[in-house]
$ cat run38.cif   # mmCIF, C-alpha atoms
data_target
#
loop_
_atom_site.label_atom_id
_atom_site.label_comp_id
_atom_site.auth_asym_id
_atom_site.auth_seq_id
_atom_site.Cartn_x
_atom_site.Cartn_y
_atom_site.Cartn_z
CA MET A 1 -44.41 -15.36 39.24
CA GLU A 2 -44.90 -12.35 37.00
CA ARG A 3 -43.35 -9.12 38.17
CA ARG A 4 -45.66 -6.24 38.92
CA VAL A 5 -44.97 -2.62 38.36
CA LEU A 6 -44.99 -0.17 41.27
CA ARG A 7 -47.98 2.08 41.12
CA ALA A 8 -48.24 5.74 41.94
CA HIS A 9 -47.18 6.82 45.39
CA VAL A 10 -50.46 8.50 46.22
CA LYS A 11 -52.52 5.39 45.44
CA GLN A 12 -50.21 3.28 47.59
CA GLU A 13 -50.66 5.57 50.58
CA GLU A 14 -54.44 5.41 50.24
CA GLU A 15 -54.50 1.61 50.11
CA VAL A 16 -52.12 1.21 53.05
CA SER A 17 -54.02 3.71 55.20
CA SER A 18 -57.35 1.99 54.50
CA VAL A 19 -55.96 -1.41 55.45
CA SER A 20 -54.46 0.01 58.65
CA ASN A 21 -57.73 1.70 59.68
CA GLN A 22 -59.76 -1.47 59.16
CA SER A 23 -57.36 -3.55 61.25
CA LEU A 24 -57.28 -1.00 64.05
CA GLY A 25 -61.09 -0.76 64.15
CA ARG A 26 -61.64 -4.49 64.52
CA ASP A 27 -58.97 -4.95 67.13
CA ALA A 28 -59.92 -2.03 69.35
CA SER A 29 -62.26 -4.19 71.51
CA ASP A 30 -59.66 -6.75 72.34
CA GLY A 31 -57.64 -4.44 74.63
CA THR A 32 -54.07 -5.17 75.43
CA SER A 33 -54.15 -8.76 74.13
CA CYS A 34 -54.63 -7.41 70.63
CA SER A 35 -51.25 -5.74 70.58
CA LEU A 36 -49.45 -9.04 71.30
CA LYS A 37 -51.43 -10.92 68.67
CA GLN A 38 -50.86 -8.07 66.25
CA ARG A 39 -47.09 -8.25 66.76
CA LEU A 40 -47.10 -11.98 66.09
CA ARG A 41 -49.15 -11.52 62.96
CA ASP A 42 -46.86 -8.71 61.83
CA ASP A 43 -43.75 -10.82 62.32
CA ASP A 44 -45.30 -13.74 60.43
CA SER A 45 -46.45 -11.45 57.64
CA LEU A 46 -43.05 -9.82 57.42
CA GLN A 47 -41.31 -13.18 57.10
CA ARG A 48 -43.70 -14.28 54.35
CA LYS A 49 -43.24 -11.00 52.52
CA ARG A 50 -39.50 -11.34 52.61
CA ALA A 51 -39.73 -14.96 51.44
CA TYR A 52 -41.98 -14.06 48.53
CA GLY A 53 -39.81 -11.07 47.65
CA LEU A 54 -36.69 -13.24 47.62
CA ALA A 55 -38.38 -15.77 45.33
CA ILE A 56 -39.56 -13.07 42.96
CA CYS A 57 -36.15 -11.42 42.80
CA THR A 58 -34.45 -14.79 42.23
CA GLN A 59 -36.72 -15.73 39.34
CA SER A 60 -36.42 -12.27 37.78
CA GLU A 61 -32.63 -12.12 38.17
CA TYR A 62 -32.86 -9.16 40.56
CA THR A 63 -30.63 -8.58 43.56
CA PRO A 64 -32.87 -8.69 46.71
CA THR A 65 -30.87 -6.16 48.66
CA ILE A 66 -32.98 -3.00 48.48
CA PHE A 67 -36.44 -2.94 50.10
CA ASP A 68 -38.64 -0.26 51.51
CA THR A 69 -37.56 0.94 54.97
CA ASP A 70 -41.17 0.96 56.15
CA ILE A 71 -41.76 -2.69 55.41
CA GLY A 72 -42.20 -3.62 59.08
CA SER A 73 -44.16 -0.53 60.10
CA SER A 74 -47.84 -0.12 60.62
CA ARG A 75 -48.37 0.61 56.95
CA PHE A 76 -48.42 -3.12 56.20
CA ARG A 77 -50.23 -4.43 59.30
CA ARG A 78 -53.15 -6.84 58.68
CA SER A 79 -55.79 -7.78 61.23
CA SER A 80 -57.03 -11.03 59.83
CA ILE A 81 -55.15 -14.18 60.74
CA GLY A 82 -56.35 -16.38 57.93
CA GLN A 83 -55.22 -14.32 54.97
CA SER A 84 -55.95 -15.57 51.53
CA GLN A 85 -53.32 -16.15 48.92
CA ALA A 86 -54.34 -12.97 47.13
CA GLU A 87 -53.54 -10.80 50.17
CA PRO A 88 -49.76 -11.40 50.14
CA ASP A 89 -49.77 -10.69 46.45
CA LYS A 90 -51.46 -7.38 47.09
CA ALA A 91 -48.94 -6.52 49.72
CA LEU A 92 -46.07 -7.62 47.54
CA SER A 93 -47.30 -5.38 44.77
CA LEU A 94 -46.52 -2.44 47.01
CA LEU A 95 -42.89 -3.49 47.42
CA PRO A 96 -40.39 -1.60 45.28
CA LEU A 97 -38.56 -3.67 42.73
CA ALA A 98 -34.78 -3.83 42.98
CA PRO A 99 -32.84 -2.07 40.22
CA ILE A 100 -31.31 -4.14 37.43
CA LEU A 101 -27.62 -4.67 37.98
CA ARG A 102 -25.82 -5.23 34.69
CA ARG A 103 -22.33 -6.56 34.57
CA ARG A 104 -19.83 -4.40 32.78
CA ARG A 105 -17.62 -6.13 30.27
CA GLY A 106 -13.99 -5.69 31.06
CA GLN A 107 -11.47 -4.40 28.56
CA VAL A 108 -10.00 -7.03 26.28
CA LYS A 109 -6.24 -7.13 26.41
CA VAL A 110 -4.36 -8.79 23.58
CA GLU A 111 -1.52 -10.90 24.89
CA TYR A 112 1.09 -12.82 22.93
CA ASP A 113 1.97 -16.27 24.16
CA GLY A 114 5.67 -15.93 24.70
CA LYS A 115 6.08 -13.94 21.49
CA GLU A 116 6.91 -10.33 20.85
CA GLU A 117 4.64 -8.03 18.90
CA PRO A 118 5.24 -8.16 15.12
CA LYS A 119 7.89 -5.67 14.07
CA HIS A 120 8.11 -3.65 10.88
CA TRP A 121 9.20 -5.83 7.96
CA GLU A 122 12.48 -5.25 6.21
CA PRO A 123 14.50 -7.54 3.95
CA PRO A 124 17.40 -9.44 5.49
CA ASP A 125 20.94 -8.23 4.77
CA TRP A 126 19.65 -5.20 2.85
CA SER A 127 22.21 -2.89 4.50
CA LYS A 128 25.07 -5.18 3.54
CA GLN A 129 23.77 -5.50 0.00
CA LEU A 130 23.43 -1.73 -0.31
CA GLY A 131 27.01 -1.31 0.86
CA HIS A 132 28.18 -3.69 -1.85
CA VAL A 133 26.25 -1.73 -4.47
CA ARG A 134 27.89 1.49 -3.28
CA GLN A 135 31.28 -0.18 -3.56
CA MET A 136 30.60 -1.35 -7.10
CA ARG A 137 29.30 2.11 -8.05
CA SER A 138 32.16 4.02 -6.50
CA ALA A 139 33.69 4.89 -9.91
CA ARG A 140 30.46 6.59 -11.08
CA ASP A 141 31.16 5.88 -14.72
CA ALA A 142 27.76 4.52 -15.74
CA PRO A 143 25.75 6.27 -18.48
CA VAL A 144 23.37 7.73 -15.89
CA ASP A 145 26.33 9.38 -14.14
CA LEU A 146 27.58 11.04 -17.33
CA MET A 147 24.39 11.69 -19.32
CA GLY A 148 21.53 11.50 -16.83
CA ALA A 149 18.96 14.18 -16.03
CA GLU A 150 21.37 15.83 -13.60
CA LYS A 151 23.94 16.36 -16.39
CA CYS A 152 21.73 17.50 -19.28
CA TYR A 153 20.50 20.95 -18.24
CA ASP A 154 22.30 24.23 -18.71
CA THR A 155 23.94 25.19 -15.43
CA HIS A 156 24.27 28.84 -16.48
CA ALA A 157 20.60 29.27 -17.37
CA PRO A 158 18.06 30.93 -15.04
CA ASP A 159 16.47 28.78 -12.40
CA GLU A 160 13.11 28.41 -14.12
CA VAL A 161 14.81 27.48 -17.43
CA ARG A 162 17.06 24.99 -15.67
CA ARG A 163 14.08 23.35 -13.95
CA TYR A 164 12.21 23.20 -17.27
CA GLN A 165 15.16 21.49 -18.96
CA VAL A 166 15.27 18.91 -16.16
CA LEU A 167 11.61 18.14 -16.76
CA VAL A 168 12.13 17.88 -20.54
CA SER A 169 15.06 15.48 -20.11
CA LEU A 170 12.95 13.28 -17.83
CA MET A 171 10.10 13.23 -20.33
CA LEU A 172 12.44 12.24 -23.15
CA SER A 173 14.20 9.54 -21.10
CA SER A 174 11.14 7.29 -20.95
CA GLN A 175 11.84 4.06 -22.89
CA THR A 176 15.07 5.64 -24.18
CA ARG A 177 18.74 5.16 -23.41
CA ASP A 178 20.64 7.93 -21.71
CA GLN A 179 22.93 8.40 -24.71
CA VAL A 180 19.99 9.12 -27.03
CA THR A 181 18.28 11.35 -24.49
CA SER A 182 21.41 13.43 -23.90
CA ALA A 183 21.98 13.95 -27.62
CA ALA A 184 18.36 15.03 -28.17
CA LEU A 185 18.49 17.52 -25.30
CA GLN A 186 21.72 19.00 -26.62
CA ARG A 187 19.95 19.71 -29.92
CA LEU A 188 17.02 21.27 -28.07
CA ARG A 189 19.37 23.48 -26.06
CA ALA A 190 21.03 24.65 -29.27
CA HIS A 191 17.59 25.43 -30.69
CA GLY A 192 16.45 27.11 -27.47
CA CYS A 193 15.00 24.88 -24.77
CA THR A 194 12.66 27.35 -23.06
CA VAL A 195 8.93 27.29 -22.52
CA ASP A 196 8.20 30.13 -24.96
CA ASN A 197 10.48 28.77 -27.66
CA ILE A 198 9.04 25.24 -27.51
CA VAL A 199 5.49 26.63 -27.71
CA ASN A 200 6.37 28.58 -30.85
CA THR A 201 8.15 25.62 -32.52
CA ASP A 202 6.10 23.57 -34.99
CA ASP A 203 5.67 19.84 -34.50
CA ASP A 204 7.78 18.80 -37.48
CA THR A 205 10.79 20.78 -36.35
CA LEU A 206 10.40 19.59 -32.79
CA GLY A 207 10.18 15.98 -33.99
CA GLN A 208 13.40 16.33 -35.98
CA LEU A 209 15.16 17.71 -32.92
CA ILE A 210 14.25 14.90 -30.53
CA TYR A 211 14.39 11.99 -32.99
CA PRO A 212 15.27 9.07 -32.43
CA VAL A 213 14.00 8.94 -28.84
CA GLY A 214 11.43 6.27 -28.13
CA PHE A 215 7.86 7.20 -29.07
CA TRP A 216 9.07 10.55 -30.37
CA ARG A 217 5.76 11.45 -32.04
CA THR A 218 3.86 11.05 -28.79
CA LYS A 219 6.54 12.98 -26.90
CA VAL A 220 6.29 15.87 -29.36
CA LYS A 221 2.61 16.19 -28.51
CA TYR A 222 3.29 15.93 -24.75
CA LEU A 223 6.06 18.55 -24.91
CA LYS A 224 3.82 21.04 -26.68
CA GLN A 225 0.87 20.48 -24.32
CA THR A 226 3.05 20.65 -21.21
CA SER A 227 4.78 23.84 -22.37
CA VAL A 228 1.44 25.53 -23.06
CA MET A 229 0.14 24.54 -19.61
CA LEU A 230 3.30 25.80 -17.90
CA GLN A 231 3.04 29.09 -19.77
CA ARG A 232 -0.59 29.69 -18.81
CA GLU A 233 -0.81 28.32 -15.26
CA PHE A 234 2.71 28.45 -13.81
CA ARG A 235 4.28 31.50 -15.51
CA GLY A 236 6.89 29.48 -17.36
CA ASP A 237 8.08 27.49 -14.31
CA ILE A 238 7.33 23.91 -13.34
CA PRO A 239 5.09 22.98 -10.36
CA ASN A 240 6.76 22.50 -7.01
CA THR A 241 4.52 19.65 -5.85
CA VAL A 242 4.06 16.07 -6.96
CA GLU A 243 0.34 16.63 -7.43
CA GLY A 244 0.99 19.53 -9.78
CA LEU A 245 3.64 17.66 -11.76
CA VAL A 246 1.53 14.57 -12.42
CA ARG A 247 -1.16 16.84 -13.89
CA LEU A 248 1.15 17.64 -16.77
CA PRO A 249 0.71 15.52 -19.92
CA GLY A 250 3.28 12.73 -20.16
CA VAL A 251 4.53 13.08 -16.56
CA GLY A 252 4.13 10.10 -14.22
CA PRO A 253 5.01 9.47 -10.57
CA LYS A 254 8.61 8.48 -11.35
CA MET A 255 9.29 11.70 -13.29
CA ALA A 256 7.50 13.78 -10.65
CA HIS A 257 9.60 12.45 -7.75
CA LEU A 258 12.85 12.81 -9.72
CA ALA A 259 11.93 16.35 -10.78
CA MET A 260 11.23 17.28 -7.17
CA ASP A 261 14.63 15.91 -6.16
CA ILE A 262 16.75 17.32 -9.02
CA ALA A 263 14.96 20.57 -9.82
CA TRP A 264 13.57 21.61 -6.43
CA HIS A 265 15.99 19.68 -4.15
CA GLN A 266 13.08 18.18 -2.21
CA VAL A 267 12.76 14.46 -1.51
CA SER A 268 9.11 13.51 -1.99
CA GLY A 269 9.48 9.84 -2.92
CA ILE A 270 11.58 7.24 -4.69
CA GLY A 271 11.88 7.45 -8.45
CA VAL A 272 11.45 3.86 -9.66
CA ASP A 273 12.21 3.01 -13.27
CA THR A 274 12.74 -0.34 -14.95
CA HIS A 275 16.21 -0.80 -13.42
CA VAL A 276 15.09 -0.07 -9.84
CA HIS A 277 12.04 -2.27 -10.30
CA ARG A 278 14.06 -5.20 -11.63
CA ILE A 279 16.92 -5.06 -9.12
CA SER A 280 14.64 -4.59 -6.11
CA ASN A 281 12.77 -7.77 -6.98
CA ARG A 282 15.97 -9.68 -7.66
CA LEU A 283 17.48 -8.72 -4.31
CA GLY A 284 14.26 -9.53 -2.46
CA TRP A 285 13.66 -5.97 -1.35
CA THR A 286 9.94 -6.17 -2.10
CA ARG A 287 7.80 -8.31 0.13
CA GLY A 288 6.22 -10.99 -2.03
CA GLY A 289 7.35 -9.38 -5.29
CA THR A 290 5.79 -6.55 -7.27
CA LYS A 291 4.38 -6.38 -10.78
CA ASN A 292 5.05 -2.76 -11.80
CA PRO A 293 7.30 0.16 -10.80
CA GLU A 294 4.55 1.93 -8.86
CA GLU A 295 4.06 -1.10 -6.59
CA THR A 296 7.82 -1.27 -6.15
CA ARG A 297 7.93 2.38 -5.10
CA LYS A 298 5.32 1.83 -2.39
CA ALA A 299 7.03 -1.36 -1.21
CA LEU A 300 10.41 0.36 -0.91
CA GLU A 301 9.04 3.42 0.86
CA ASP A 302 7.45 1.18 3.51
CA TRP A 303 10.77 0.04 4.97
CA LEU A 304 13.67 2.00 3.40
CA PRO A 305 14.84 4.94 5.53
CA ARG A 306 13.86 8.30 4.07
CA ASP A 307 17.41 9.62 4.00
CA LEU A 308 18.22 6.95 1.36
CA TRP A 309 15.37 7.77 -1.03
CA SER A 310 17.39 10.25 -3.07
CA GLU A 311 20.44 8.00 -3.36
CA ILE A 312 18.76 4.72 -4.20
CA ASN A 313 17.68 5.72 -7.71
CA TRP A 314 21.02 6.60 -9.27
CA LEU A 315 22.72 3.75 -7.36
CA LEU A 316 20.46 1.05 -8.74
CA VAL A 317 20.12 2.60 -12.21
CA GLY A 318 23.87 2.63 -12.73
CA PHE A 319 24.17 -0.80 -11.16
CA GLY A 320 21.57 -2.11 -13.60
CA GLN A 321 23.37 -0.55 -16.56
CA GLN A 322 26.73 -2.11 -15.72
CA VAL A 323 26.33 -5.29 -13.64
CA CYS A 324 22.75 -6.40 -13.03
CA LEU A 325 21.75 -6.37 -16.68
CA PRO A 326 18.22 -7.20 -17.81
CA VAL A 327 19.43 -10.25 -19.73
CA ASN A 328 22.43 -12.33 -18.67
CA PRO A 329 23.40 -10.37 -15.54
CA LEU A 330 27.04 -10.48 -14.51
CA CYS A 331 26.49 -12.39 -11.27
CA SER A 332 30.07 -13.73 -11.23
CA VAL A 333 31.51 -10.24 -10.66
CA CYS A 334 28.74 -9.02 -8.33
CA LEU A 335 29.58 -8.70 -4.65
CA ASN A 336 26.04 -9.74 -3.73
CA GLN A 337 26.19 -13.10 -5.47
CA HIS A 338 26.21 -14.98 -2.15
CA SER A 339 23.25 -13.12 -0.63
CA CYS A 340 21.13 -12.39 -3.68
CA PRO A 341 18.19 -14.81 -4.07
CA SER A 342 18.33 -14.50 -7.86
CA ALA A 343 22.07 -14.97 -8.31
CA HIS A 344 23.26 -17.30 -11.08
CA GLN A 345 19.77 -17.92 -12.37
CA ALA A 346 19.50 -18.04 -16.15
CA SER A 347 17.10 -15.61 -17.78
CA PRO A 348 14.04 -17.15 -19.40
CA ALA A 349 14.74 -18.18 -22.97
CA LYS A 350 12.87 -16.15 -25.55
CA ARG A 351 12.96 -16.53 -29.30
CA PRO A 352 14.50 -13.30 -30.65
CA LYS A 353 12.72 -11.29 -33.27
CA ALA A 354 13.93 -11.31 -36.85
CA GLY A 355 16.56 -8.66 -37.43
CA SER A 356 17.32 -8.15 -33.75
CA PRO A 357 20.97 -8.27 -32.56
CA ARG A 358 20.30 -11.65 -30.87
CA SER A 359 18.71 -13.24 -33.94
CA PRO A 360 20.60 -16.15 -35.61
CA LYS A 361 23.75 -14.78 -37.16
CA THR A 362 24.86 -15.50 -40.74
CA SER A 363 27.97 -17.28 -41.86
CA ARG A 364 30.20 -15.72 -44.43
CA VAL A 365 31.59 -17.82 -47.30
CA LYS A 366 34.33 -16.33 -49.42
CA LEU A 367 34.09 -16.83 -53.16
CA GLU A 368 37.09 -16.91 -55.41
CA PRO A 369 37.23 -14.51 -58.38
CA GLY A 370 36.67 -17.24 -60.98
CA SER A 371 33.89 -19.04 -59.14
CA LEU A 372 30.99 -16.92 -60.37
CA GLY A 373 30.24 -19.32 -63.15
CA LEU A 374 30.89 -16.90 -66.03
CA GLY A 375 34.68 -16.84 -65.76
CA LEU A 376 34.63 -13.02 -65.42
CA PRO A 377 36.49 -11.19 -62.69
CA PRO A 378 34.43 -9.45 -60.01
CA PRO A 379 33.56 -5.79 -60.56
CA SER A 380 35.98 -4.69 -57.84
CA SER A 381 39.09 -6.06 -56.26
CA ALA A 382 37.25 -6.67 -53.02
CA THR A 383 36.34 -10.22 -52.18
CA LEU A 384 32.65 -10.97 -52.49
CA VAL A 385 30.93 -12.37 -49.43
CA LYS A 386 27.86 -14.54 -49.61
CA GLU A 387 25.77 -14.64 -46.46
CA GLU A 388 23.96 -17.83 -45.58
CA PRO A 389 21.64 -18.08 -42.58
CA LEU A 390 22.64 -20.55 -39.91
CA ALA A 391 20.27 -23.29 -38.90
CA THR A 392 18.25 -22.19 -35.90
CA THR A 393 18.05 -24.55 -32.96
CA LEU A 394 14.64 -26.02 -32.45
CA SER A 395 12.79 -25.81 -29.16
CA PRO A 396 13.18 -28.92 -26.96
CA LEU A 397 9.42 -29.24 -26.80
CA LEU A 398 9.06 -29.66 -30.57
CA PRO A 399 9.87 -32.98 -32.27
CA ARG A 400 13.13 -32.85 -34.11
CA LYS A 401 13.20 -33.74 -37.77
CA ARG A 402 15.74 -36.15 -39.07
CA LYS A 403 18.27 -34.65 -41.38
CA SER A 404 18.54 -36.48 -44.68
CA LYS A 405 22.05 -37.20 -45.81
CA ALA A 406 23.00 -35.51 -49.07
CA LYS A 407 23.85 -37.96 -51.84
CA THR A 408 27.01 -37.22 -53.81
CA PHE A 409 27.24 -38.12 -57.48
CA SER A 410 30.56 -38.52 -59.22
CA THR A 411 30.82 -37.03 -62.69
#

$ encode --input "run38.cif" --output "structure tokens"
Amino acid sequence: MERRVLRAHVKQEEEVSSVSNQSLGRDASDGTSCSLKQRLRDDDSLQRKRAYGLAICTQSEYTPTIFDTDIGSSRFRRSSIGQSQAEPDKALSLLPLAPILRRRRGQVKVEYDGKEEPKHWEPPDWSKQLGHVRQMRSARDAPVDLMGAEKCYDTHAPDEVRRYQVLVSLMLSSQTRDQVTSAALQRLRAHGCTVDNIVNTDDDTLGQLIYPVGFWRTKVKYLKQTSVMLQREFRGDIPNTVEGLVRLPGVGPKMAHLAMDIAWHQVSGIGVDTHVHRISNRLGWTRGGTKNPEETRKALEDWLPRDLWSEINWLLVGFGQQVCLPVNPLCSVCLNQHSCPSAHQASPAKRPKAGSPRSPKTSRVKLEPGSLGLGLPPPSSATLVKEEPLATTLSPLLPRKRKSKAKTFST
């Protein structure tokens, strides 16, 4: 049955009063017997009203608990015994509808079936491996210990000049060995490694001073642009934030974090270069492996305690220069050879470039003084040496050619 909306209170009172007056007028002649009949009719009507109200509330998903308090009073009394089916509907339309009771959804609680909540990830045995690296680096005789950025600046210079020299040494060290970087910075210090002096130096002279560092032409341009920016915006000093340092031309996140640590003595992050990137992936210190130094930095900072951020750079750099080499690492002398996932694994074979130190070497054949064919002595007393290239080994994937045997003829 369709629910009906409760009408205005004034209209309800008028309808109820009219029904009551009509019933009282017709029953006035009956005397005292009318009151008994009226009570019976009222009880029957009340039961039917409650039955219809319960059915309506059940079909409409209402809770039939709240009804009008005057439901059994004279407001709803009817005089006629044979009421039509429309009369109960009219009476039921006057009944107030029960409010909608909505169920509240309880809070969802995440429970683990016999398992603990996932903890912060960290590589296994990393503390033991770090202790072994400290033990192998206890002598501190690697190139980074003797000629790194911490050893290149002038200790007697003013603070702003010292910080500028630290930044210059970091800019020159990119793709360059520490020995070459240290020698170039010594020449710059002899020339005058200050912001004003570098700005006033022409590019040719500056290139001759820093040569042969890697990409020296590009670094000449970066040094001039950085020095001009420091002179205009920072009064000859370097920025004291990572955001300010990475704004400088030629300065990346690695240089910025190392400059904050060495120049300003503030630990802002881990300086990750090629050595730290390589060793961290070999030891399994990066979850799932990383593809570049910036990803390695974020992976290490996620689990490595902050008090080790300043130490980890020079530890792994020196370790990579002496033991964990890029090619053919010395795993047999490494203390982590039993816990390192990459221990005793051969490096991928690559064909060396022509003229490189690992290209096929030449054999030397000594020639006697009278074996030149003309019977003349050599121009000097030194023995001539003829260099002949050795036969290069073919790749196992390529088909090997059969060597033809040389035929000897007797004269």

$ residues_near_point --input "run38.cif" --point "(9.1, 26.2, -23.1)" --cutoff "9 Å" --atoms "all atoms listed in the file" --output "mmCIF file with C-alpha atoms, in the coordinates of the input"
data_model
loop_
_atom_site.group_PDB
_atom_site.id
_atom_site.type_symbol
_atom_site.label_atom_id
_atom_site.label_comp_id
_atom_site.auth_asym_id
_atom_site.auth_seq_id
_atom_site.Cartn_x
_atom_site.Cartn_y
_atom_site.Cartn_z
ATOM 1 C CA VAL A 161 14.810 27.480 -17.430
ATOM 2 C CA TYR A 164 12.210 23.200 -17.270
ATOM 3 C CA GLN A 165 15.160 21.490 -18.960
ATOM 4 C CA GLY A 192 16.450 27.110 -27.470
ATOM 5 C CA CYS A 193 15.000 24.880 -24.770
ATOM 6 C CA THR A 194 12.660 27.350 -23.060
ATOM 7 C CA VAL A 195 8.930 27.290 -22.520
ATOM 8 C CA ASP A 196 8.200 30.130 -24.960
ATOM 9 C CA ASN A 197 10.480 28.770 -27.660
ATOM 10 C CA ILE A 198 9.040 25.240 -27.510
ATOM 11 C CA VAL A 199 5.490 26.630 -27.710
ATOM 12 C CA ASN A 200 6.370 28.580 -30.850
ATOM 13 C CA LEU A 223 6.060 18.550 -24.910
ATOM 14 C CA LYS A 224 3.820 21.040 -26.680
ATOM 15 C CA THR A 226 3.050 20.650 -21.210
ATOM 16 C CA SER A 227 4.780 23.840 -22.370
ATOM 17 C CA VAL A 228 1.440 25.530 -23.060
ATOM 18 C CA LEU A 230 3.300 25.800 -17.900
ATOM 19 C CA GLN A 231 3.040 29.090 -19.770
ATOM 20 C CA GLY A 236 6.890 29.480 -17.360
ATOM 21 C CA ASP A 237 8.080 27.490 -14.310
#

$ residues_around --input "run38.cif" --residues "Leu206 (chain A)" --least-positions-apart "2" --cutoff "12 Å" --atoms "only C-alpha atoms" --output "PDB file with C-alpha atoms, keeping the file's coordinate frame"
ATOM      1  CA  ALA A 184      18.360  15.030 -28.170  1.00  0.00           C
ATOM      2  CA  LEU A 185      18.490  17.520 -25.300  1.00  0.00           C
ATOM      3  CA  ARG A 187      19.950  19.710 -29.920  1.00  0.00           C
ATOM      4  CA  LEU A 188      17.020  21.270 -28.070  1.00  0.00           C
ATOM      5  CA  ARG A 189      19.370  23.480 -26.060  1.00  0.00           C
ATOM      6  CA  HIS A 191      17.590  25.430 -30.690  1.00  0.00           C
ATOM      7  CA  GLY A 192      16.450  27.110 -27.470  1.00  0.00           C
ATOM      8  CA  CYS A 193      15.000  24.880 -24.770  1.00  0.00           C
ATOM      9  CA  ASN A 197      10.480  28.770 -27.660  1.00  0.00           C
ATOM     10  CA  ILE A 198       9.040  25.240 -27.510  1.00  0.00           C
ATOM     11  CA  VAL A 199       5.490  26.630 -27.710  1.00  0.00           C
ATOM     12  CA  ASN A 200       6.370  28.580 -30.850  1.00  0.00           C
ATOM     13  CA  THR A 201       8.150  25.620 -32.520  1.00  0.00           C
ATOM     14  CA  ASP A 202       6.100  23.570 -34.990  1.00  0.00           C
ATOM     15  CA  ASP A 203       5.670  19.840 -34.500  1.00  0.00           C
ATOM     16  CA  ASP A 204       7.780  18.800 -37.480  1.00  0.00           C
ATOM     17  CA  GLN A 208      13.400  16.330 -35.980  1.00  0.00           C
ATOM     18  CA  LEU A 209      15.160  17.710 -32.920  1.00  0.00           C
ATOM     19  CA  ILE A 210      14.250  14.900 -30.530  1.00  0.00           C
ATOM     20  CA  TYR A 211      14.390  11.990 -32.990  1.00  0.00           C
ATOM     21  CA  PRO A 212      15.270   9.070 -32.430  1.00  0.00           C
ATOM     22  CA  VAL A 213      14.000   8.940 -28.840  1.00  0.00           C
ATOM     23  CA  TRP A 216       9.070  10.550 -30.370  1.00  0.00           C
ATOM     24  CA  ARG A 217       5.760  11.450 -32.040  1.00  0.00           C
ATOM     25  CA  THR A 218       3.860  11.050 -28.790  1.00  0.00           C
ATOM     26  CA  LYS A 219       6.540  12.980 -26.900  1.00  0.00           C
ATOM     27  CA  VAL A 220       6.290  15.870 -29.360  1.00  0.00           C
ATOM     28  CA  LYS A 221       2.610  16.190 -28.510  1.00  0.00           C
ATOM     29  CA  TYR A 222       3.290  15.930 -24.750  1.00  0.00           C
ATOM     30  CA  LEU A 223       6.060  18.550 -24.910  1.00  0.00           C
ATOM     31  CA  LYS A 224       3.820  21.040 -26.680  1.00  0.00           C
TER      32      LYS A 224
END

$ axis_aligned_box --input "run38.cif" --around "region 170-180 of chain A" --padding-each-side "4 Å" --output "JSON"
{"center_x": 16.5, "center_y": 8.7, "center_z": -22.4, "size_x": 20.8, "size_y": 17.2, "size_z": 17.2}

$ atom_distance --input "run38.cif" --atom1 "CA of Ser268 (chain A)" --atom2 "CA of His156 (chain A)"
26.0 Å

$ closest_residue --input "run38.cif" --among "A:Ser280, A:Ser339, A:Gln266, A:Asn292" --to "Ser310 (chain A)" --atoms "only C-alpha atoms"
A:Gln266

$ resolve_selection --input "run38.cif" --expression "the PyMOL selection byres ((chain A and resi 252) around 12)" --output "list in words"
Leu167, Leu170, Met171, Ser174, Val242, Glu243, Gly244, Leu245, Val246, Arg247, Leu248, Pro249, Gly250, Val251, Pro253, Lys254, Met255, Ala256, His257, Leu258, Ala259, Gly271, Val272, Asp273, Pro293 and Glu294 of chain A

$ write_last_selection --input "run38.cif" --atoms "C-alpha atoms" --output "compact mmCIF listing (two decimals), keeping the file's coordinate frame"
# COMPACT_ATOMS: atom_id res chain seq x y z
CA LEU A 167 11.61 18.14 -16.76
CA LEU A 170 12.95 13.28 -17.83
CA MET A 171 10.10 13.23 -20.33
CA SER A 174 11.14 7.29 -20.95
CA VAL A 242 4.06 16.07 -6.96
CA GLU A 243 0.34 16.63 -7.43
CA GLY A 244 0.99 19.53 -9.78
CA LEU A 245 3.64 17.66 -11.76
CA VAL A 246 1.53 14.57 -12.42
CA ARG A 247 -1.16 16.84 -13.89
CA LEU A 248 1.15 17.64 -16.77
CA PRO A 249 0.71 15.52 -19.92
CA GLY A 250 3.28 12.73 -20.16
CA VAL A 251 4.53 13.08 -16.56
CA PRO A 253 5.01 9.47 -10.57
CA LYS A 254 8.61 8.48 -11.35
CA MET A 255 9.29 11.70 -13.29
CA ALA A 256 7.50 13.78 -10.65
CA HIS A 257 9.60 12.45 -7.75
CA LEU A 258 12.85 12.81 -9.72
CA ALA A 259 11.93 16.35 -10.78
CA GLY A 271 11.88 7.45 -8.45
CA VAL A 272 11.45 3.86 -9.66
CA ASP A 273 12.21 3.01 -13.27
CA PRO A 293 7.30 0.16 -10.80
CA GLU A 294 4.55 1.93 -8.86

$ resolve_selection --input "run38.cif" --expression "the PyMOL selection byres ((chain A and resi 175) around 9)" --output "number ranges by chain"
A: 172-174, 176-177, 213-215

$ atom_distance --input "run38.cif" --atom1 "CA of Glu233 (chain A)" --atom2 "CA of Gly269 (chain A)"
24.5 Å

$ resolve_selection --input "run38.cif" --expression "the PyMOL selection byres ((chain A and resi 300-306) around 9)" --output "ChimeraX atom specification"
/A:120-123,267,269-270,280,285-286,295-299,307-310

$ atom_distance --input "run38.cif" --atom1 "CA of Thr155 (chain A)" --atom2 "CA of Met229 (chain A)"
24.2 Å

$ closest_residue --input "run38.cif" --among "A:Arg278, A:His344, A:Glu160, A:Asp261" --to "Phe234 (chain A)" --atoms "all atoms listed in the file"
A:Glu160
